[in-house]
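Note: the block below is query-v7.cif and it holds mmCIF, C-alpha atoms.
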```
data_structure
#
loop_
_atom_site.label_atom_id
_atom_site.label_comp_id
_atom_site.auth_asym_id
_atom_site.auth_seq_id
_atom_site.Cartn_x
_atom_site.Cartn_y
_atom_site.Cartn_z
CA MET T 222 3.31 46.89 -40.21
CA GLU T 223 1.68 47.41 -36.86
CA ARG T 224 -0.41 44.62 -35.35
CA GLN T 225 -4.09 45.37 -35.89
CA PRO T 226 -6.49 44.79 -32.99
CA ALA T 227 -9.05 42.05 -33.53
CA ASP T 228 -12.64 43.22 -33.54
CA ASP T 229 -15.61 41.48 -31.96
CA SER T 230 -16.71 40.01 -35.28
CA ALA T 231 -13.50 38.00 -35.52
CA SER T 232 -13.65 36.71 -31.94
CA ARG T 233 -17.18 35.35 -32.42
CA HIS T 234 -15.95 32.98 -35.14
CA VAL T 235 -13.73 31.05 -32.67
CA GLY T 236 -15.21 27.68 -31.90
CA LEU T 237 -17.83 27.62 -34.63
CA GLY T 238 -18.06 24.07 -35.93
CA PRO T 239 -19.77 22.38 -38.86
CA GLY T 240 -23.40 23.36 -39.17
CA SER T 241 -22.94 26.47 -36.99
CA LYS T 242 -24.54 29.64 -38.30
CA SER T 243 -23.19 33.19 -38.19
CA ASN T 244 -24.17 36.44 -39.92
CA GLN T 245 -20.54 37.56 -39.93
CA THR T 246 -18.38 37.41 -43.05
CA PRO T 247 -15.66 34.71 -42.67
CA LEU T 248 -12.11 36.01 -42.49
CA ASP T 249 -9.82 35.22 -45.42
CA GLU T 250 -6.23 34.02 -44.98
CA ALA T 251 -4.67 37.43 -45.67
CA THR T 252 -6.79 39.08 -42.98
CA ILE T 253 -5.97 36.39 -40.42
CA ARG T 254 -2.24 36.71 -41.11
CA MET T 255 -2.48 40.51 -40.89
CA MET T 256 -4.15 40.22 -37.49
CA ALA T 257 -1.25 38.06 -36.30
CA GLY T 258 1.35 40.47 -37.69
CA LEU T 259 2.44 37.92 -40.29
CA THR T 260 1.10 39.12 -43.69
CA LEU T 261 2.23 37.24 -46.78
CA GLY T 262 5.60 38.53 -47.95
CA SER T 263 5.88 41.09 -45.12
CA PRO T 264 9.32 42.05 -43.76
CA THR T 265 8.25 40.75 -40.37
CA ARG T 266 7.47 37.31 -41.80
CA GLN T 267 10.71 37.29 -43.80
CA ARG T 268 12.82 38.20 -40.76
CA GLN T 269 11.17 35.50 -38.64
CA GLU T 270 11.66 32.82 -41.32
CA ALA T 271 15.31 33.85 -41.77
CA ALA T 272 15.92 33.73 -38.03
CA THR T 273 14.25 30.33 -37.77
CA THR T 274 16.39 28.93 -40.61
CA ALA T 275 19.61 30.29 -39.14
CA SER T 276 18.76 28.97 -35.70
CA ALA T 277 18.09 25.50 -37.06
CA ALA T 278 21.38 25.47 -39.00
CA ALA T 279 23.55 26.66 -36.12
CA PRO T 280 24.98 24.02 -33.74
CA GLN T 281 22.99 23.93 -30.53
CA PRO T 282 24.90 23.92 -27.24
CA ALA T 283 24.17 21.03 -24.89
CA ALA T 284 21.57 21.85 -22.29
CA PRO T 285 23.08 22.19 -18.81
CA PRO T 286 22.13 19.43 -16.37
CA ARG T 287 18.96 20.19 -14.51
CA GLU T 288 19.58 20.85 -10.88
CA CYS T 289 17.41 18.89 -8.48
CA LYS T 290 16.15 21.15 -5.70
CA CYS T 291 14.14 18.44 -3.99
CA THR T 292 14.89 17.49 -0.41
CA PRO T 293 15.50 13.74 -0.04
CA LEU T 294 13.54 11.95 2.63
CA PRO T 295 15.67 10.79 5.58
CA MET T 296 15.16 7.07 4.96
CA ALA T 297 18.55 5.69 5.88
CA PRO T 298 19.38 1.99 5.48
CA PRO T 299 19.52 -0.16 8.59
CA PRO T 300 22.80 -0.03 10.53
CA SER T 301 25.38 -2.56 9.43
CA SER T 302 24.88 -4.54 12.62
CA GLU T 303 21.32 -5.25 11.48
CA GLN T 304 22.19 -6.54 8.02
CA PRO T 305 21.27 -10.20 7.38
CA ASN T 306 23.92 -12.77 8.01
CA ALA T 307 25.68 -13.39 4.67
CA ALA T 308 26.36 -17.07 5.32
CA ALA T 309 22.75 -17.71 6.31
CA THR T 310 21.48 -15.91 3.23
CA GLU T 311 23.75 -17.89 0.92
CA ALA T 312 22.64 -21.08 2.61
CA GLY T 313 19.03 -20.15 1.91
CA ALA T 314 17.94 -19.70 5.52
CA ILE T 315 15.41 -16.99 6.37
CA SER T 316 17.37 -14.38 8.29
CA LYS T 317 15.16 -11.24 8.35
CA ILE T 318 11.46 -11.13 9.10
CA LEU T 319 9.20 -8.07 9.08
CA ILE T 320 6.08 -8.19 11.24
CA ILE T 321 3.42 -5.66 10.21
CA MET T 322 0.73 -4.72 12.74
CA SER T 323 -1.78 -1.88 13.07
CA MET T 324 -2.86 -1.69 16.71
CA GLU T 325 -0.55 -0.93 19.60
CA VAL T 326 -2.44 -3.25 21.94
CA GLU T 327 -1.80 -6.13 19.51
CA ALA T 328 1.86 -5.29 18.92
CA MET T 329 3.23 -4.61 22.41
CA PRO T 330 2.97 -8.18 23.78
CA LEU T 331 5.23 -9.33 20.92
CA VAL T 332 7.61 -6.42 21.49
CA HIS T 333 8.03 -7.57 25.09
CA LYS T 334 8.12 -11.25 24.17
CA PHE T 335 11.09 -10.85 21.84
CA LYS T 336 12.68 -7.99 23.84
CA LEU T 337 12.58 -5.69 20.84
CA VAL T 338 13.94 -2.14 21.06
CA GLU T 339 12.13 0.90 19.68
CA ALA T 340 14.06 2.77 17.00
CA HIS T 341 14.07 6.56 17.28
CA GLY T 342 14.89 9.31 14.80
CA PRO T 343 16.98 8.34 11.76
CA GLU T 344 17.41 4.85 13.22
CA SER T 345 13.74 4.17 12.50
CA THR T 346 14.57 4.50 8.75
CA PHE T 347 11.21 6.28 8.23
CA PRO T 348 10.63 9.86 7.00
CA MET T 349 10.50 12.49 9.72
CA GLY T 350 6.96 13.41 10.69
CA THR T 351 5.36 10.04 10.00
CA PRO T 352 3.63 8.31 12.94
CA TRP T 353 5.07 4.89 12.09
CA VAL T 354 6.87 2.99 14.82
CA ARG T 355 9.64 0.41 14.39
CA TYR T 356 10.97 -2.08 16.92
CA TYR T 357 13.88 -4.40 16.20
CA GLY T 358 15.94 -7.12 17.79
CA LYS T 359 17.48 -10.55 17.43
CA TYR T 360 15.89 -13.87 18.23
CA LYS T 361 18.23 -16.82 17.81
CA ASP T 362 19.46 -16.54 14.20
CA LEU T 363 16.55 -14.39 13.10
CA HIS T 364 16.55 -10.59 12.88
CA ILE T 365 13.08 -9.25 13.68
CA ASP T 366 11.62 -5.90 12.67
CA LEU T 367 8.15 -5.17 14.01
CA VAL T 368 6.46 -2.15 12.48
CA ARG T 369 3.08 -0.64 13.32
CA SER T 370 1.19 2.22 11.72
CA GLY T 371 1.30 4.37 14.86
CA LYS T 372 -1.24 6.91 16.08
CA ASP T 373 -3.13 9.22 13.75
CA ASN T 374 -1.68 12.73 14.01
CA ILE T 375 -5.11 14.36 14.30
CA PHE T 376 -7.34 11.95 16.22
CA GLY T 377 -4.73 10.09 18.28
CA VAL T 378 -6.14 6.63 17.58
CA ASP T 379 -4.38 3.67 15.95
CA SER T 380 -4.01 4.23 12.21
CA VAL T 381 -5.96 1.18 11.11
CA GLY T 382 -7.12 0.48 7.58
CA THR T 383 -5.76 -0.19 4.13
CA VAL T 384 -4.31 3.25 3.38
CA SER T 385 -2.08 3.59 6.45
CA VAL T 386 -0.91 -0.03 6.35
CA SER T 387 -0.08 0.24 2.64
CA VAL T 388 2.26 3.18 3.04
CA VAL T 389 4.01 1.87 6.15
CA THR T 390 4.45 -1.54 4.52
CA PHE T 391 5.93 0.09 1.43
CA ALA T 392 8.40 2.15 3.48
CA ALA T 393 9.34 -0.80 5.69
CA VAL T 394 9.90 -3.32 2.90
CA GLN T 395 11.83 -0.79 0.83
CA THR T 396 14.24 0.21 3.60
CA LEU T 397 14.47 -2.90 5.79
CA LYS T 398 14.51 -5.43 2.93
CA PRO T 399 13.08 -8.43 4.81
CA ASP T 400 13.18 -12.00 3.55
CA LEU T 401 9.62 -12.57 4.74
CA VAL T 402 6.65 -10.36 5.70
CA LEU T 403 4.29 -11.51 8.45
CA ASN T 404 1.05 -9.54 8.88
CA ALA T 405 -0.43 -10.34 12.28
CA GLY T 406 -3.60 -9.00 13.86
CA THR T 407 -7.19 -9.58 14.84
CA GLY T 408 -10.25 -9.88 12.64
CA SER T 409 -13.83 -11.07 12.37
CA GLY T 410 -14.83 -14.64 11.54
CA PHE T 411 -17.81 -16.29 9.92
CA ASN T 412 -19.51 -19.01 11.93
CA ALA T 413 -20.96 -20.48 8.73
CA LYS T 414 -17.38 -21.21 7.67
CA GLY T 415 -16.49 -22.74 11.05
CA ALA T 416 -14.87 -19.71 12.73
CA ASN T 417 -15.29 -18.99 16.44
CA VAL T 418 -13.95 -16.36 18.81
CA GLY T 419 -10.35 -17.18 19.75
CA ASP T 420 -9.58 -19.20 16.61
CA VAL T 421 -6.33 -18.35 14.84
CA TYR T 422 -6.13 -18.60 11.06
CA LEU T 423 -3.27 -18.72 8.61
CA ALA T 424 -4.65 -17.08 5.47
CA SER T 425 -4.41 -19.13 2.29
CA GLU T 426 -5.57 -16.27 0.04
CA VAL T 427 -6.42 -12.59 0.42
CA ALA T 428 -8.82 -10.27 -1.43
CA PHE T 429 -10.69 -6.97 -1.02
CA HIS T 430 -14.45 -6.85 -0.45
CA ASP T 431 -15.20 -3.10 -0.56
CA ARG T 432 -13.67 -2.13 -3.90
CA ARG T 433 -16.36 -2.47 -6.55
CA ILE T 434 -15.58 -1.51 -10.15
CA PRO T 435 -18.17 -3.19 -12.44
CA ILE T 436 -16.03 -2.95 -15.59
CA PRO T 437 -14.38 -6.00 -17.20
CA VAL T 438 -10.85 -6.65 -15.86
CA PHE T 439 -11.11 -3.64 -13.53
CA ASP T 440 -13.47 -5.75 -11.44
CA LEU T 441 -10.74 -8.37 -11.00
CA TYR T 442 -8.18 -5.69 -10.18
CA ALA T 443 -10.52 -4.23 -7.54
CA VAL T 444 -10.96 -7.58 -5.78
CA GLY T 445 -7.21 -8.13 -5.98
CA ALA T 446 -7.26 -11.82 -5.05
CA ARG T 447 -3.80 -13.14 -4.25
CA LYS T 448 -2.55 -16.43 -2.88
CA THR T 449 -0.30 -16.14 0.13
CA PHE T 450 3.02 -17.93 0.53
CA ALA T 451 2.23 -21.59 1.14
CA THR T 452 3.34 -22.95 4.54
CA PRO T 453 2.02 -26.54 4.78
CA ASN T 454 4.55 -27.61 7.42
CA LEU T 455 3.73 -24.62 9.61
CA LEU T 456 0.03 -25.43 9.43
CA LYS T 457 0.66 -29.03 10.36
CA GLU T 458 3.09 -28.23 13.17
CA PHE T 459 0.64 -26.15 15.19
CA ASN T 460 -2.64 -27.48 13.83
CA LEU T 461 -3.62 -23.99 12.70
CA LYS T 462 -6.77 -23.34 10.74
CA ALA T 463 -6.48 -22.21 7.13
CA GLY T 464 -8.96 -19.98 5.34
CA LYS T 465 -9.36 -17.12 2.92
CA LEU T 466 -9.03 -13.58 4.24
CA SER T 467 -11.14 -10.68 2.96
CA THR T 468 -10.10 -7.07 3.58
CA GLY T 469 -12.07 -3.81 3.79
CA ASP T 470 -11.90 -0.49 5.62
CA SER T 471 -15.19 -0.64 7.53
CA LEU T 472 -15.75 -2.44 10.82
CA VAL T 473 -19.48 -2.69 10.14
CA LEU T 474 -20.32 -4.46 6.89
CA SER T 475 -22.77 -3.19 4.30
CA PRO T 476 -24.99 -5.62 2.35
CA ASP T 477 -22.67 -5.18 -0.65
CA ASP T 478 -19.65 -5.99 1.52
CA LYS T 479 -21.30 -9.17 2.78
CA GLU T 480 -22.19 -10.23 -0.75
CA MET T 481 -18.61 -9.71 -1.91
CA ILE T 482 -17.21 -11.60 1.09
CA LEU T 483 -19.39 -14.55 0.14
CA LYS T 484 -18.04 -14.35 -3.42
CA ASN T 485 -14.51 -14.25 -2.00
CA ASP T 486 -15.36 -17.43 -0.04
CA ALA T 487 -13.73 -15.83 2.99
CA THR T 488 -13.62 -17.27 6.49
CA VAL T 489 -12.01 -14.23 8.16
CA ARG T 490 -12.09 -10.54 7.36
CA ASP T 491 -9.83 -7.69 8.50
CA THR T 492 -8.78 -4.14 7.55
CA GLU T 493 -5.17 -4.69 6.43
CA GLY T 494 -4.29 -8.07 4.93
CA ALA T 495 -4.97 -7.60 1.22
CA ALA T 496 -3.26 -4.20 1.29
CA VAL T 497 -0.11 -5.71 2.83
CA ALA T 498 -0.21 -8.47 0.23
CA TYR T 499 -0.47 -5.93 -2.59
CA VAL T 500 2.68 -4.11 -1.45
CA ALA T 501 4.65 -7.28 -0.68
CA ASP T 502 3.80 -8.52 -4.16
CA MET T 503 5.25 -5.32 -5.66
CA PHE T 504 8.60 -6.18 -4.07
CA SER T 505 8.29 -9.93 -4.76
CA THR T 506 8.60 -10.53 -1.02
CA PRO T 507 6.84 -13.64 0.37
CA ALA T 508 4.11 -12.83 2.87
CA ILE T 509 2.07 -14.82 5.38
CA PHE T 510 -0.94 -13.71 7.44
CA VAL T 511 -1.87 -14.74 10.99
CA LYS T 512 -5.32 -13.59 12.12
CA ALA T 513 -7.05 -14.20 15.46
CA VAL T 514 -10.86 -13.97 15.59
CA THR T 515 -12.32 -11.39 18.03
CA ASP T 516 -15.94 -11.55 16.86
CA VAL T 517 -18.24 -13.54 14.61
CA VAL T 518 -20.06 -11.55 11.96
CA ASP T 519 -23.00 -13.87 11.33
CA ARG T 520 -24.26 -13.81 14.91
CA GLU T 521 -26.65 -11.47 16.67
CA GLU T 522 -24.09 -9.67 18.86
CA PRO T 523 -23.04 -6.38 17.17
CA THR T 524 -19.47 -6.46 15.85
CA PRO T 525 -18.08 -3.35 17.67
CA GLU T 526 -19.25 -4.55 21.08
CA ALA T 527 -17.95 -8.07 20.56
CA PHE T 528 -14.65 -6.78 19.21
CA LEU T 529 -14.00 -4.60 22.26
CA ALA T 530 -15.15 -7.27 24.72
CA ASN T 531 -12.84 -9.95 23.32
CA LEU T 532 -9.86 -7.89 22.15
CA MET T 533 -7.58 -8.36 25.17
CA SER T 534 -8.07 -12.13 25.56
CA VAL T 535 -7.74 -12.75 21.82
CA THR T 536 -4.62 -10.57 21.67
CA THR T 537 -2.99 -12.96 24.17
CA THR T 538 -3.87 -15.87 21.89
CA LEU T 539 -2.44 -13.97 18.94
CA GLU T 540 0.82 -13.30 20.81
CA LEU T 541 1.31 -16.97 21.69
CA THR T 542 0.60 -18.09 18.13
CA VAL T 543 2.86 -15.53 16.44
CA ALA T 544 5.65 -16.39 18.89
CA LYS T 545 5.36 -20.06 17.88
CA VAL T 546 5.36 -19.11 14.20
CA VAL T 547 8.53 -17.03 14.59
CA GLU T 548 10.16 -19.84 16.55
CA PHE T 549 9.30 -22.26 13.76
CA ILE T 550 10.65 -19.95 11.04
CA SER T 551 13.98 -19.34 12.77
CA GLY T 552 16.81 -21.19 11.01
CA LYS T 553 14.61 -22.59 8.26
CA ARG T 554 14.52 -22.18 4.51
CA PHE T 555 11.39 -21.20 2.64
CA SER T 556 11.07 -24.77 1.41
CA ASP T 557 10.89 -25.93 5.06
CA LEU T 558 7.80 -23.88 5.78
#
```
Translate this file's structure into C-alpha cells.
Amino acid sequence: MERQPADDSASRHVGLGPGSKSNQTPLDEATIRMMAGLTLGSPTRQRQEAATTASAAAPQPAAPPRECKCTPLPMAPPPSSEQPNAAATEAGAISKILIIMSMEVEAMPLVHKFKLVEAHGPESTFPMGTPWVRYYGKYKDLHIDLVRSGKDNIFGVDSVGTVSVSVVTFAAVQTLKPDLVLNAGTGSGFNAKGANVGDVYLASEVAFHDRRIPIPVFDLYAVGARKTFATPNLLKEFNLKAGKLSTGDSLVLSPDDKEMILKNDATVRDTEGAAVAYVADMFSTPAIFVKAVTDVVDREEPTPEAFLANLMSVTTTLELTVAKVVEFISGKRFSDL
C-alpha cells in the first residue's frame, strides 16, 4: 500500500493537550497507522516485523574500534634532566617548586635572581599558540619552574585575572608536576586590617569576592573559601604578616565586592590567588601565596593611580621576599615549613 500524504487536519492535532479544543475529528489508530505506511496486518508491517525478529536473533558482529581523528596537543613532559631527584623525593624533601605569576614586571626580577632560562617551543611543555611563558632552572637542590600568563594575543597586555591564571596553572601543574605551587604577585590591602603599602603577606586562606550565586550551597561554591598550606616556621623565620586573601577580576571594587570582602574577612585582595588555589586543589598539590601590597583600598587615593605609582618599588620588595621564601624551602620537607 502506498504511503498516504497527511492532510492539514491531521497536522493541526499535533501538540494538542488536555483541555485543548478542535473542530477536527480525531484520528483513529487504523488511520494513523495507514498514514505511517504500517496498517494492521499489512504486508509491509509483516515484513518489517519479520526482519526485526531475524536481526535480533542473528549474532551481531563486534563493532570496529572507533578511530580517533583528534590531534593531540603538544604538551610533552619535562626533559629527563629536569625530573625531581629520586633520593630527595623518597626522603621527603621538596624538590620541585612551581611559581605562578601574571605580570611580566613582577616575574622578571625573579627570573634574573635565580638565573632561570626561558623555554621555547616544545620545551615549554605548553600547547602551541598559547601566550604562556615558562622559565626554569636549578637553585641548590631545588628545581624551579616560573610560569606567567604571558601577553594577551589581541591587546598585548599582561593576561591578568582568574581565567588566564586558571588555565595556565592547570597546564603547568599537569605537565610539570611540582611538589609545591607558589603564587606570587602584588595586590591591594585594607588599612582597617592593618595593611600598608609595601607590606608582604603570606595568605592563610583564599576566597572569591565577585562570584555571587544566592542559592543554598551554590553560594558557598561561589565564594570558594580554601585554607592554604600552613607554613608556621616560614612565617616566624621572616616575620611575615599573615592574612586572608580575596580574589576578583576587577581592579576597581563595586559596593557588592566590598561587602563580600568584608564577609571574607580579607586583609589583601588580588586577581589570581583563589583561582590558583582552586586548580592546585584539583591536583592535591600544596599551594602558598605571597602578596605584596601596592595600594590601600580604604583610603582616598584611587586604586589605579596608587597601583601604578607604587608598582616598581613594591615589586622589588616582592622579589626579595620570594627569594627568601625559596631559599627557606630548599632542602626542607613539608613538615619543616
Which residues match the PyMOL selection byres ((chain T and resi 395) around 12) in the file above, as a list in words? Met296, Ala297, Pro298, Pro299, Leu319, Thr346, Phe347, Val388, Val389, Thr390, Phe391, Ala392, Ala393, Val394, Thr396, Leu397, Lys398, Pro399, Asp400, Val402, Val500, Ala501, Met503, Phe504, Ser505 and Thr506 of chain T
Would you write out those residues with C-alpha atoms, as a compact mmCIF listing (two decimals), keeping the file's coordinate frame?
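The new file part.txt reads:
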```txt
# COMPACT_ATOMS: atom_id res chain seq x y z
CA MET T 296 15.16 7.07 4.96
CA ALA T 297 18.55 5.69 5.88
CA PRO T 298 19.38 1.99 5.48
CA PRO T 299 19.52 -0.16 8.59
CA LEU T 319 9.20 -8.07 9.08
CA THR T 346 14.57 4.50 8.75
CA PHE T 347 11.21 6.28 8.23
CA VAL T 388 2.26 3.18 3.04
CA VAL T 389 4.01 1.87 6.15
CA THR T 390 4.45 -1.54 4.52
CA PHE T 391 5.93 0.09 1.43
CA ALA T 392 8.40 2.15 3.48
CA ALA T 393 9.34 -0.80 5.69
CA VAL T 394 9.90 -3.32 2.90
CA THR T 396 14.24 0.21 3.60
CA LEU T 397 14.47 -2.90 5.79
CA LYS T 398 14.51 -5.43 2.93
CA PRO T 399 13.08 -8.43 4.81
CA ASP T 400 13.18 -12.00 3.55
CA VAL T 402 6.65 -10.36 5.70
CA VAL T 500 2.68 -4.11 -1.45
CA ALA T 501 4.65 -7.28 -0.68
CA MET T 503 5.25 -5.32 -5.66
CA PHE T 504 8.60 -6.18 -4.07
CA SER T 505 8.29 -9.93 -4.76
CA THR T 506 8.60 -10.53 -1.02
```
Given the choices T:Lys334, T:Ala328, T:Thr383, T:Met533, which gets closest to Leu367 in chain T if the distance is worked out from all atoms listed in the file? T:Ala328
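For the choices T:Leu466, T:Leu337, T:Val547, T:Val386, the atom-to-atom distance to Gly410 in chain T is smallest for T:Leu466 when using only C-alpha atoms.
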Place a sphere of radius 12 Å on (-4.7, -17.8, 22.2) in the file coordinates and name every protein, DNA or RNA residue with an atom inside or on its surface, counting all atoms listed in the file; give the answer as a list in words. Thr407, Val418, Gly419, Asp420, Val421, Tyr422, Leu461, Val511, Lys512, Ala513, Val514, Thr515, Asn531, Leu532, Met533, Ser534, Val535, Thr536, Thr537, Thr538, Leu539, Glu540, Leu541, Thr542, Val543, Ala544 and Lys545 of chain T
Shell of 6 Å around range 431-444 of chain T, all atoms listed in the file, local chain residues under 2 positions omitted, as a PDB file with C-alpha atoms, keeping the file's coordinate frame:
```pdb
ATOM      1  CA  ALA T 428      -8.820 -10.270  -1.430  1.00  0.00           C
ATOM      2  CA  PHE T 429     -10.690  -6.970  -1.020  1.00  0.00           C
ATOM      3  CA  ALA T 446      -7.260 -11.820  -5.050  1.00  0.00           C
ATOM      4  CA  GLY T 469     -12.070  -3.810   3.790  1.00  0.00           C
ATOM      5  CA  ASP T 478     -19.650  -5.990   1.520  1.00  0.00           C
TER       6      ASP T 478
END
```
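Closest to Thr452 in chain T among T:Ile509, T:Ala495, T:Met329, T:Met349 is T:Ile509, based on all atoms listed in the file.
Between CA of Asn454 in chain T and CA of Val489 in chain T the interatomic distance comes to 21.3 Å.
Atom pair CA of Glu426 in chain T / CA of Pro525 in chain T has a distance of 25.2 Å (rounded to one decimal).
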Distance criterion (all atoms listed in the file): nearest to Glu493 in chain T out of T:His333, T:Leu363, T:Ile321, T:Lys457: T:Ile321
Taking only C-alpha atoms into account, name the residue in T:Thr524, T:Ser370, T:Ser409, T:Thr468 that is nearest to Tyr356 in chain T. T:Ser370
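Using all atoms listed in the file for every distance, the candidate list T:Phe335, T:Phe459, T:Phe510, T:Phe376 yields T:Phe510 as the residue closest to Gly406 in chain T.
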Run the PyMOL selection byres ((chain T and resi 488) around 7) against the file shown and list the residues it catches, as an MDAnalysis selection string. chainID T and resid 410:411 414 416 464:466 486:487 489:490
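Interatomic distance, CA of Met481 in chain T against CA of Leu455 in chain T: 29.2 Å.
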Please return, as a PyMOL selection string, all polymer residues that have at least one atom within 8 Å of the point (17.8, -22.3, 7.7); use all atoms listed in the file and the file's own coordinate frame. chain T and resi 309+312-316+551-554
Output the residue selection produced by the PyMOL selection byres ((chain T and resi 355) around 6) on the file above, formatted as a CSV table (one decimal) with C-alpha atoms, keeping the file's coordinate frame.
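Final output, saved to result.csv:
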```csv
chain,number,residue,atom,x,y,z
T,339,GLU,CA,12.1,0.9,19.7
T,340,ALA,CA,14.1,2.8,17.0
T,345,SER,CA,13.7,4.2,12.5
T,354,VAL,CA,6.9,3.0,14.8
T,356,TYR,CA,11.0,-2.1,16.9
T,367,LEU,CA,8.2,-5.2,14.0
T,368,VAL,CA,6.5,-2.2,12.5
```
